[in-house]
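Student: Would you mind keeping the following structure in view while I ask a few things?
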Amino acid sequence: RRAHRGSTTVTLPPKESASDASSPAVAGPTRLRRLRFPAGFAVLHVEDDGVLRKSMALRVFKRMGVPFDAAKDGKEAIDRVLGLGEFEAAGPRAYGLVLMDNQMPGISGAKTTRALRDAGYDGPIIGMTGDPPGSPDRAEFEASGLDETVDKDTAGVNYVAAALASLSLGPAEEVAAGAPAAEAPRGAERVLSDVAGGPGVGALDPAPPPLP
């Protein structure tokens with residue numbers, strides 16, 4: 001799918017790329033590559049669950065060298081992008097990618113996405129949700145102006161990594177997933193396992209198995 005920023009067209013990778021071992025983002029099932037990004041590039045991660053925010057930061061963004069901000073709800077996301085409220089002094093921020101949850105208190109991800117599109121934000125927005133496929137909430141979310149929608153599971157995390165790789169300038173260095181910059185918050189594995197319905201979530205696993 002494509003998002004437009006001024007005269008620039010941003011093309012996100014197909015979901016199949018998330019499982020492609022030759023992807024610039026992934027080198028084997030337990031390794032991520034550190035990437036270089038254009039000057040000023042940053043991701044905005046919008047998620048009300050503090051454990052998931054910290055887990056994505058430690059397990060994906062920091063390992064891949066991704067500059068990022070985190071918003072705990074839709075209102076903060078809108079304020080950060082448009083330079084409103086406590087972020088007025090900083091002014092509007094042209095994030096290179098917004099990663100959006102849907103079920104949040106106050107303003108849902110669907111309403112937040114519509115508000116950003118209506119205000120002129122034309123960068124890529126990826127929805128990352130626990131809403132089951134075919135549910136009314138997910139259908140509303142998918143129709144709100146997202147460029148892609150993924151689940152909160154291994155495939156979803158891998159797709160986000162592939163999307164980041166597609167927006168990067170290429171790999172900087174390879175970072176072992178078994179050596180995170182900091183410890184994951186306690187309870188992260190349980191929460192992510194519950195979301196995915198399985199034992200842990202791929203690149204977000206606190207203790208991935210060693211490479212053969």
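As shown in the structure tokens, the chain order sets the letters A, B, ...; within each chain, residues go from 1, and ligands are also counted from 1 in the order they appear.
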Mind running range 19-102 of chain A against range 121-130 of chain A at 9 Å and telling me each contacting residue's nearest atom pair with the distance in Å (one decimal), counting only C-alpha atoms, chain and number ascending, as CSV?
Tutor:
residue,atom,partner,partner_atom,distance
A:Val81,CA,A:Tyr121,CA,7.9
A:Leu82,CA,A:Tyr121,CA,8.5
A:Ala94,CA,A:Tyr121,CA,7.6
A:Tyr95,CA,A:Gly123,CA,7.1
A:Gly96,CA,A:Gly123,CA,6.2
A:Leu97,CA,A:Pro124,CA,5.2
A:Val98,CA,A:Ile125,CA,4.7
A:Leu99,CA,A:Ile126,CA,5.0
A:Met100,CA,A:Gly127,CA,4.7
A:Asp101,CA,A:Met128,CA,5.2
A:Asn102,CA,A:Thr129,CA,5.9
Student: List as an MDAnalysis selection string the protein and nucleic acid residues near range 36-45 of chain A, meaning an atom at most 10 Å away when only C-alpha atoms are counted, but skip any in the same chain fewer than 2 places from it.
Tutor: chainID A and resid 33:34 47:48 53 56:57 61 64:73 77 80:81 93:101 125:126 128 164:165 167:173
Student: As a ChimeraX atom specification, please: the residues near range 142-145 of chain A (cut-off 10 Å, only C-alpha atoms, same-chain neighbours under 5 positions excluded).
Tutor: /A:3,102,109-118,122,124-127,136-137,150
Student: Using DSSP on the backbone coordinates, identify all residues within range 59-150 of chain A classified as strand (DSSP E or B); present the result as a tab-separated table (two decimals) with N, CA and C atoms, in the first residue's frame.
Tutor:
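Produced file states_20.tsv, reproduced below:
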chain	number	residue	atom	x	y	z
A	68	PHE	N	12.14	7.23	17.84
A	68	PHE	CA	10.70	7.06	18.06
A	68	PHE	C	10.22	7.91	19.22
A	69	ASP	N	8.93	8.20	19.19
A	69	ASP	CA	8.19	8.77	20.31
A	69	ASP	C	7.05	7.82	20.62
A	70	ALA	N	6.53	7.87	21.83
A	70	ALA	CA	5.41	7.03	22.22
A	70	ALA	C	4.28	7.91	22.74
A	71	ALA	N	3.07	7.58	22.33
A	71	ALA	CA	1.88	8.28	22.82
A	71	ALA	C	0.99	7.28	23.52
A	97	LEU	N	6.49	7.34	10.18
A	97	LEU	CA	5.55	6.22	10.31
A	97	LEU	C	4.82	6.36	11.63
A	98	VAL	N	3.52	6.09	11.61
A	98	VAL	CA	2.72	6.02	12.83
A	98	VAL	C	2.24	4.58	12.99
A	99	LEU	N	2.51	4.01	14.16
A	99	LEU	CA	2.05	2.66	14.50
A	99	LEU	C	0.91	2.83	15.50
A	100	MET	N	-0.30	2.44	15.10
A	100	MET	CA	-1.51	2.82	15.82
A	100	MET	C	-2.26	1.63	16.40
A	125	ILE	N	0.43	5.05	8.04
A	125	ILE	CA	-0.10	4.66	9.35
A	125	ILE	C	-0.40	3.16	9.30
A	126	ILE	N	0.24	2.41	10.18
A	126	ILE	CA	0.00	0.97	10.29
A	126	ILE	C	-0.81	0.72	11.56
A	127	GLY	N	-1.94	0.08	11.42
A	127	GLY	CA	-2.74	-0.29	12.58
A	127	GLY	C	-2.24	-1.62	13.14
A	128	MET	N	-2.02	-1.67	14.44
A	128	MET	CA	-1.58	-2.91	15.11
A	128	MET	C	-2.58	-3.18	16.22
A	129	THR	N	-3.43	-4.18	16.02
A	129	THR	CA	-4.59	-4.34	16.89
A	129	THR	C	-4.82	-5.78	17.32
A	148	GLU	N	-2.09	-0.06	6.31
A	148	GLU	CA	-2.05	-1.50	6.52
A	148	GLU	C	-2.51	-1.80	7.93
A	149	THR	N	-3.02	-3.01	8.15
A	149	THR	CA	-3.45	-3.44	9.48
A	149	THR	C	-2.82	-4.79	9.77
A	150	VAL	N	-2.23	-4.92	10.97
A	150	VAL	CA	-1.63	-6.19	11.38
A	150	VAL	C	-2.13	-6.56	12.78
Student: Which is closest to Pro92 in chain A among A:Gly120, A:Ser166, A:Ala161, A:Lys75, if we use only C-alpha atoms?
Tutor: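 Result for the nearest residue to Pro92 in chain A: A:Gly120.
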